[in-house]
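Structure, as structure tokens:
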Number of protein chains: 2
Amino acid sequence: MSADSTPPPAMDGLTISDAVPEAEFSKRVLIKSILGRPDKGAGLAGRKVRIGGWVKTGREAEKGTLAFLQVNDGSSPENLQVLVKSEVYNASHVVATGTCVHVEGLLQTPPETATQQKIELQVTSVIAVGTVDAAKYPLPKSKARLPLELLRDVVHLRPRTNIISAIARIRNALAYATHTFFQNHGFLYIHTPIITTSDCEGAGEMFQVTTLINDAEKLEKEFKECPPPSEADLKDAELAVKDKGEAVAQLKSAKASKEEIVAAVSELTKAKENFAKLDERRKLGDRLRLSGGIPKQDGKIDYTEDFFARQAFLTVSGQLQVETYACALSSVYTFGPTFRAENSHTSRHLAEFWMVEPEIAFADIQDDMNCAEAYVRFLCQWLLDHCYDDMEFMTKHVDKTALQRLEMVAKSKFHRITYTEAVAILEEAAKKKKFENKVEWGIDLASEHERYLTEEKFKAPVIVYNYPKAIKAFYMKVNEDNKTVAAMDVLVPKVGELIGGSQREENYETLQKRILDMGLPLEPYQWYLDLRRYGTVEHSGFGLGFERMILFATGVDNIRDVIPFPRYPGRADL
Amino acid sequence: MSADSTPPPAMDGLTISDAVPEAEFSKRVLIKSILGRPDKGAGLAGRKVRIGGWVKTGREAEKGTLAFLQVNDGSSPENLQVLVKSEVYNASHVVATGTCVHVEGLLQTPPETATQQKIELQVTSVIAVGTVDAAKYPLPKSKARLPLELLRDVVHLRPRTNIISAIARIRNALAYATHTFFQNHGFLYIHTPIITTSDCEGAGEMFQVTTLINDAEKLEKEFKECPPPSEADLKDAELAVKDKGEAVAQLKSAKASKEEIVAAVSELTKAKENFAKLDERRKLGDRLRLSGGIPKQDGKIDYTEDFFARQAFLTVSGQLQVETYACALSSVYTFGPTFRAENSHTSRHLAEFWMVEPEIAFADIQDDMNCAEAYVRFLCQWLLDHCYDDMEFMTKHVDKTALQRLEMVAKSKFHRITYTEAVAILEEAAKKKKFENKVEWGIDLASEHERYLTEEKFKAPVIVYNYPKAIKAFYMKVNEDNKTVAAMDVLVPKVGELIGGSQREENYETLQKRILDMGLPLEPYQWYLDLRRYGTVEHSGFGLGFERMILFATGVDNIRDVIPFPRYPGRADL
């Protein structure tokens with residue numbers, strides 16, 4: 001394969017960019033710009049283009065003098081049919097699934113008999129080929145799709161499959177739609193920290209971020225090369241200090257010359273330094289022996305020696321931090337990775353996942369629900385407008401109801417019921433239907449309850465709000481009944497809870513009391529209390545689990561398949 | 001402060017949203033939608049609006065019967081002048097800097113004498129006030145700006161200052177401009193992993209992510225409550241196994257009844273289980289004693305017991321992982337947090353920072369430079385189009401040349417010189433000018449060299465490409481001279497290196513040899529080599545340090561002031 005850095009030649013007065021919009025910054029047009037046109041590319045017959053992509057399926061025809069290739073470059077789910085004659089390139093070298101082809105050719109109308117394609121590419125020259133040994137390629141040509149579980153073992157190659165690339169395009173669209181929605185409504189994107197010294201929920205299932213283990217390993221390595229001083233070494237060094245000290249004293253009492261005394265003092269200083277150095281190494285040696293090299297103080301790990309001089313974690317939510325910006329810049333949001341060190345092996349949990357968390361000043365729980373509803377409906381409409389072809393693919397191959405669900409949510413006004421109303425509905429339902437978890441006022445709704453409400457009772461998105469105080473976090477605003485808090489969850493068919501949010505407690509005294517009532521220490525939350533101490537403001541926000549939204553949109557069952565590089569107990573490939 | 005969830009009342013047939021575009025999802029209009037109009041709001045006189053914000057400065061007038069407030073809500077650098085008469089609210093309760101006011105009123109033309117404002121708000125009712133004890137507020141009213149260093153100690157309140165809020169809006173604009181640029185050019189946004197088991201550069205300055213320490217602490221706590229078994233306990237348990245075993249043997253040889261034998265075997269099983277349990281706890285006790293609770297095997301930490309069953313780190317770059325998507329979906333980019341555990345205390349380094357990393361298939365180093373140049377110029381033009389008021393603020397208060405620099409870069413074609421040419425220029429310059437670092441072919445350019453090229457020699461952005469192979473990473477494409485690699489750096493005035501990129505080595509054999517030549521192990525890079533083994537493709541990419549771009553745009557000196565929550569040695573507040 002060789003580089004070609006000269007600009008593409010003009011042909012019949014037409015450069016490539018005259019023909020179809022060229023993918024800038026690379027020497028090919030995106031296949032989407034050919035097949036994604038309303039006429040499916042038919043009107044481009046006669047134009048010369050360069051394309052690049054990977055062979056999905058290829059076959060030799062006419063006794064090996066012609067290769068028929070279905071080529072995909074990831075820009076859309078559709079393949080371009082590419083023909084390579086043997087006078088241009090050896091057909092047998094390009095037909096293997098996974099082969100990369102970078103070619104120039106003439107777009108032409110296929111023969112009448114080929115009904116599927118409206119346009120195909122007759123290759124006139126091959127710029128480069130990246131071959132594949134079909135016998136070794138982990139994603140063989142096959143009519144039967146490889147199961148998604150097996151694709152997780154080739155996480156670096158799975159984006160070459162139709163399904164993972166469709167999910168990647170849908171994920172990309174949802175991310176840009178998220179930014180567009182909030183920017184259009186005057187929200188500012190704030191990067192909340194990944195490494196944190198606050199524990200938002202007080203839940204404790206956090207990953208620790210540290211350099212102590214690395215430091216300990218360095219220490220161990222160093223001591224292997226240069227062992228700690230022996231008892232005898234230390235004793236000798238201590239004696240030397242004593243001797244040199246006595247020498248100085250003697251010289252002084254003997255009224256020796258200044259030079260002699262200075263020389264002796266210098267010797268003493270050296271001896272002291274030597275002892276201090278050995279003693280320091282002895283202490284490090286003790287540390288290595290007693291705690292594997294981890295610094296300890298009073299039996300506890302001494303985090304003052306860690307990188308941030310205190311214990312640090314990966315964030316579980318950017319909410320508390322983004323509130324500091326909402327209480328200054330009014331409408332803000334964060335969109336970034338969050339982490340849970342839960343030993344959870346379900347199809348709904350990841351150790352690393354992305355969250356969207358808007359936070360709005362001068363907004364109560366009603367405003368919060370308005371925002372959540374508008375956002376989710378915007379996302380659904382965006383996919384219908386920008387990813388219809390990928391959604392058709394998902395509907396055909398993964399979940400028959402995927403497109404229908406998007407259309408329903410984009411159009412529906414969300415039902416809104418209080419938690420108390422939800423429990424009444426579920427109690428009524430429990431008379432005819434068996435739930436695994438008992439329903440009564442005060443429980444946290446289980447997934448089966450949430451899905452009953454949205455999938456069976458309302459057959460539409462539902463927002464449940466005003467949850468019991470006892471089951472919710474300290475920062476949620478206590479309602480006037482003093483039994484419930486102004487929290488809300490958005491429930492949607494297929495995944496249940498998609499969004500959780502609340503109005504935040506803006507009253508300083510109430511918030512402080514809630515922290516103490518929950519048995520949490522006040523000190524780590526002083527900065528959070530400051531937001532109420534100084535110029536407090538009514539504010540609200542929510543969090544949307546980004547992967548949950550993709551599960552909802554695509555109908556895929558396992559969350560490990562909708563994030564490019566899934567992390568879960570025992571696995572963090574690449 | 002109390003919530004008001006009823007919709008704003010209609011006044012004279014005008015609702016708030018008739019008057020000026022309302023900030024949806026909250027009960028106020030953004031001040032920007034009043035002052036950001038071409039007429040600075042003058043045309044809105046007579047309209048009724050609700051606004052919310054924080055008092056920048058306030059003063060009582062006319063013997064305390066009137067409060068004059070400058071109110072800011074973070075939507076723009078400009079304050080709205082707000083008047084509160086004492087019959088509406090106690091003036092002395094709203095004038096303290098930092099007070100939050102949520103008010104409704106009538107927009108009116110200020111008297112002729114007030115020349116600065118074109119519009120002001122006469123408050124008719126106060127919805128809520130969040131008070132401030134001026135004596136305690138860490139951001140006092142003051143003509144003199146608090147130094148940025150001091151603001152770092154109140155990272156949760158500093159977004160309320162003019163400068164940090166302006167930086168936040170510029171940062172937001174650059175983030176959305178980044179997504180818009182790449183989306184407009186057909187790139188897909190890929191979320192590369194934060195937790196990784198690959199070390200991209202082989203540099204080793206990585207944070208470790210672990211649950212081992214937490215597990216060790218749990219173990220320690222548990223053993224304090226329930227100590228490990230003593231030697232005697234273990235001996236007893238072992239003896240019990242022996243006894244029960246003998247009992248079974250006796251019964252068998254005595255041909256006892258089946259029931260009797262079954263009962264004895266059951267006793268034996270129990271004794272064995274008890275011993276195994278005690279022995280397990282003894283081992284955990286040993287672990288606690290010998291290595292502070294960290295599991296070890298052959299003297300090394302046993303990472304099979306860590307969360308991901310292997311050693312895991314925070315990513316230093318998403319490049320290698322995003323290449324897996326480029327080699328399937330053609331044009332992709334990642335934009336996320338990256339980490340370095342360097343003990344670096346400079347004004348240019350953070351332990352946590354954000355990077356933008358596009359990766360393009362079918363693209364060589366020239367395409368890469370084209371993309372980098374177009375992207376940087378797009379960012380500059382975007383700020384001129386969308387953040388001119390904030391840029392004026394930065395130009396006035398921080399860096400006189402900030403706006404001029406943006407305009408220059410937005411318009412300039414970037415100079416492109418090879419590394420060899422750059423060295424020749426620097427050698428020539430060194431005849432007249434003193435550099436701290438010696439210039440000769442083969443060195444890595446120092447910051448002083450880079451800044452000379454862009455600030456003095458060309459007075460414009462410069463791209464230097466084709467660097468010596470020996471100083472660059474293993475994945476960069478080796479040029480035909482076998483001395484240089486197809487790497488490029490974009491240098492800009494004020495910050496020096498803004499972007500680093502390269503064409504990637506797409507040849508399997510060459511890449512494998514480079515990994516080995518650099519003394520790196522092959523095994524961790526097998527997945528990366530697979531991208532060349534199967535359908536390899538010419539591809540290129542680069543990384544832009546997002547905070548560097550903000551430093552460049554704003555003229556701020558210290559990187560700790562352009563990220564909301566700076567992380568550096570010894571500090572990770574919140």
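Going by the structure tokens order, chains are called A, B, ..., each with residues numbered from 1, while ligands are numbered from 1 in the order shown.
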Counting only C-alpha atoms, which residues of chain B fall within 6 Å of chain A, and what is the closest atom pair for each with its distance in Å at one decimal, ordered by chain and rising number, as a Markdown table?
```
| residue | atom | partner | partner_atom | distance |
| --- | --- | --- | --- | --- |
| B:Phe25 | CA | A:Asp367 | CA | 4.5 |
| B:Ser26 | CA | A:Ala363 | CA | 4.4 |
| B:Lys27 | CA | A:Phe362 | CA | 5.9 |
| B:Asp73 | CA | A:Leu329 | CA | 5.6 |
| B:Gly74 | CA | A:Leu329 | CA | 3.8 |
| B:Gly98 | CA | A:Gly535 | CA | 5.6 |
| B:Thr99 | CA | A:Gly535 | CA | 4.4 |
| B:Cys100 | CA | A:Gly535 | CA | 4.5 |
| B:Gly130 | CA | A:Gly535 | CA | 4.2 |
| B:Thr131 | CA | A:Gly535 | CA | 5.0 |
| B:Val132 | CA | A:Tyr534 | CA | 4.8 |
| B:His156 | CA | A:Thr324 | CA | 5.4 |
| B:Pro159 | CA | A:Ala328 | CA | 5.9 |
| B:Arg160 | CA | A:Ala328 | CA | 5.0 |
| B:Asn172 | CA | A:Tyr189 | CA | 5.1 |
| B:Leu188 | CA | A:Asn172 | CA | 5.7 |
| B:Tyr189 | CA | A:Asn172 | CA | 5.1 |
| B:Pro193 | CA | A:Phe565 | CA | 5.9 |
| B:Thr197 | CA | A:Leu574 | CA | 5.5 |
| B:Ser198 | CA | A:Leu574 | CA | 5.4 |
| B:Phe207 | CA | A:Thr211 | CA | 5.8 |
| B:Gln208 | CA | A:Thr210 | CA | 5.4 |
| B:Val209 | CA | A:Val209 | CA | 4.9 |
| B:Thr210 | CA | A:Gln208 | CA | 5.4 |
| B:Thr211 | CA | A:Phe207 | CA | 5.8 |
| B:Ser291 | CA | A:Gly292 | CA | 4.5 |
| B:Gly292 | CA | A:Ser291 | CA | 4.5 |
| B:Phe307 | CA | A:Pro569 | CA | 5.6 |
| B:Phe308 | CA | A:Gly570 | CA | 3.9 |
| B:Ala309 | CA | A:Gly570 | CA | 4.7 |
| B:Thr324 | CA | A:His156 | CA | 5.3 |
| B:Ala328 | CA | A:Arg160 | CA | 5.0 |
| B:Leu329 | CA | A:Gly74 | CA | 3.8 |
| B:Phe362 | CA | A:Ser26 | CA | 5.6 |
| B:Ala363 | CA | A:Ser26 | CA | 4.4 |
| B:Asp367 | CA | A:Phe25 | CA | 4.5 |
| B:Cys371 | CA | A:Phe25 | CA | 5.4 |
| B:Tyr534 | CA | A:Val132 | CA | 4.8 |
| B:Gly535 | CA | A:Gly130 | CA | 4.2 |
| B:Thr536 | CA | A:Gly130 | CA | 4.5 |
| B:Phe565 | CA | A:Pro193 | CA | 5.9 |
| B:Pro569 | CA | A:Phe308 | CA | 5.3 |
| B:Gly570 | CA | A:Phe308 | CA | 3.9 |
| B:Arg571 | CA | A:Phe308 | CA | 5.1 |
| B:Leu574 | CA | A:Ser198 | CA | 5.4 |
```
Residue subset to file, keeping C-alpha atoms, as a PDB file, in the first residue's frame:
```
ATOM      1  CA  PHE B  25     -37.573  25.389  31.298  1.00  0.00           C
ATOM      2  CA  SER B  26     -37.142  28.208  33.816  1.00  0.00           C
ATOM      3  CA  LYS B  27     -39.088  31.174  34.996  1.00  0.00           C
ATOM      4  CA  ASP B  73     -27.033  35.784  35.059  1.00  0.00           C
ATOM      5  CA  GLY B  74     -24.022  34.351  33.268  1.00  0.00           C
ATOM      6  CA  GLY B  98     -23.531  37.974  45.361  1.00  0.00           C
ATOM      7  CA  THR B  99     -27.200  38.313  46.299  1.00  0.00           C
ATOM      8  CA  CYS B 100     -29.469  36.268  44.059  1.00  0.00           C
ATOM      9  CA  GLY B 130     -31.017  34.622  48.096  1.00  0.00           C
ATOM     10  CA  THR B 131     -29.171  36.803  50.573  1.00  0.00           C
ATOM     11  CA  VAL B 132     -25.448  37.151  51.256  1.00  0.00           C
ATOM     12  CA  HIS B 156     -16.962  26.504  43.623  1.00  0.00           C
ATOM     13  CA  PRO B 159     -17.671  31.069  38.134  1.00  0.00           C
ATOM     14  CA  ARG B 160     -19.447  34.091  39.626  1.00  0.00           C
ATOM     15  CA  ASN B 172     -18.454  26.216  25.812  1.00  0.00           C
ATOM     16  CA  LEU B 188     -18.457  10.486  13.675  1.00  0.00           C
ATOM     17  CA  TYR B 189     -17.932  11.225  17.372  1.00  0.00           C
ATOM     18  CA  PRO B 193     -12.454   4.599  26.943  1.00  0.00           C
ATOM     19  CA  THR B 197      -5.387  -1.417  29.890  1.00  0.00           C
ATOM     20  CA  SER B 198      -3.221  -0.053  27.038  1.00  0.00           C
ATOM     21  CA  PHE B 207      -2.828   7.029  37.095  1.00  0.00           C
ATOM     22  CA  GLN B 208      -3.843   3.618  38.289  1.00  0.00           C
ATOM     23  CA  VAL B 209      -7.532   2.755  38.683  1.00  0.00           C
ATOM     24  CA  THR B 210      -8.143   0.123  41.312  1.00  0.00           C
ATOM     25  CA  THR B 211     -10.466  -1.336  43.896  1.00  0.00           C
ATOM     26  CA  SER B 291       1.197  -6.795  52.310  1.00  0.00           C
ATOM     27  CA  GLY B 292      -1.336  -4.550  53.996  1.00  0.00           C
ATOM     28  CA  PHE B 307     -11.911  -5.044  39.410  1.00  0.00           C
ATOM     29  CA  PHE B 308     -10.921  -5.618  35.792  1.00  0.00           C
ATOM     30  CA  ALA B 309      -8.830  -8.730  36.590  1.00  0.00           C
ATOM     31  CA  THR B 324     -10.069   1.005  15.434  1.00  0.00           C
ATOM     32  CA  ALA B 328     -14.013   0.854   9.835  1.00  0.00           C
ATOM     33  CA  LEU B 329     -15.968   4.127   9.710  1.00  0.00           C
ATOM     34  CA  PHE B 362      -7.592   7.339   3.256  1.00  0.00           C
ATOM     35  CA  ALA B 363      -5.672  10.419   4.406  1.00  0.00           C
ATOM     36  CA  ASP B 367      -4.648  15.820   4.399  1.00  0.00           C
ATOM     37  CA  CYS B 371      -7.753  19.269   8.441  1.00  0.00           C
ATOM     38  CA  TYR B 534      -6.584  -7.166   8.129  1.00  0.00           C
ATOM     39  CA  GLY B 535      -7.555  -4.627   5.480  1.00  0.00           C
ATOM     40  CA  THR B 536      -4.979  -1.996   6.353  1.00  0.00           C
ATOM     41  CA  PHE B 565     -12.000  22.073  38.090  1.00  0.00           C
ATOM     42  CA  PRO B 569      -0.118  17.655  42.076  1.00  0.00           C
ATOM     43  CA  GLY B 570      -1.556  18.130  45.554  1.00  0.00           C
ATOM     44  CA  ARG B 571      -4.896  19.529  44.385  1.00  0.00           C
ATOM     45  CA  LEU B 574     -14.414  19.069  44.960  1.00  0.00           C
TER      46      LEU B 574
END
```
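Non-sequential neighbours of Ala446 (chain A) (distance at most 10 Å, separation of 6 or more positions within a chain, only C-alpha atoms) are Phe435, Glu436, Asn437, Lys438, Val439, Tyr452, Gly496 and Glu497 of chain A.
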With distances taken over only C-alpha atoms, which of A:Gly36, A:Pro229, A:Gly105, A:Pro77 is nearest to Lys48 (chain A)?
->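 Checking each candidate against Lys48 (chain A), we get A:Gly105 as the closest.
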Got a sec to tell me which of region 220-458 of chain B DSSP assigns to strand (DSSP E or B), as number ranges by chain?
-> B: 296-297, 300-301, 312-314, 331-339, 352-361, 415-418
Which neighbours of Arg416 (chain A) fall inside 10 Å, counting only C-alpha atoms, when residues of the same chain fewer than 5 positions from it are skipped, and could you give them as JSON, numbers by chain?
-> {"A": [369, 421, 422, 461, 462, 463, 464, 465, 488, 489, 490]}
Pick out the residues sitting within 10 Å of Tyr89 (chain A), and hand them over as a ChimeraX atom specification; count only C-alpha atoms, and ignore anything fewer than 6 positions along from it in its own chain.
-> /A:65-67,123-126,129
Residue contacts of Glu120 (chain B) (6 Å, only C-alpha atoms) excluding same-chain residues fewer than 5 positions away, as JSON, numbers by chain = {"B": [81, 82, 107, 108]}
Polymer residues at most 7 Å from region 255-272 of chain B, only C-alpha atoms, same-chain spacing of 3 or more positions, as a ChimeraX atom specification | /B:237,240-241,244-245,247-248,251-252,275-276
Selected residue of minimal separation from Gln381 (chain B) among B:Leu403, B:Met394, B:Val29, B:Val356, counting only C-alpha atoms = B:Leu403
Using the chain letters and numbers from this document, which residues of region 351-573 of chain B does DSSP assign to alpha helix (DSSP H), as a ChimeraX atom specification?
-> /B:365-386,388-397,402-411,419-430,447-451,508-517,526-533,546-554
Name the residues in contact with Arg405 (chain A) at a cut-off of 9 Å, using only C-alpha atoms, excluding same-chain residues fewer than 2 positions from it; report them as an NGL selection string.
-> :A and (380 or 401-403 or 407-410 or 460 or 493 or 552-553)
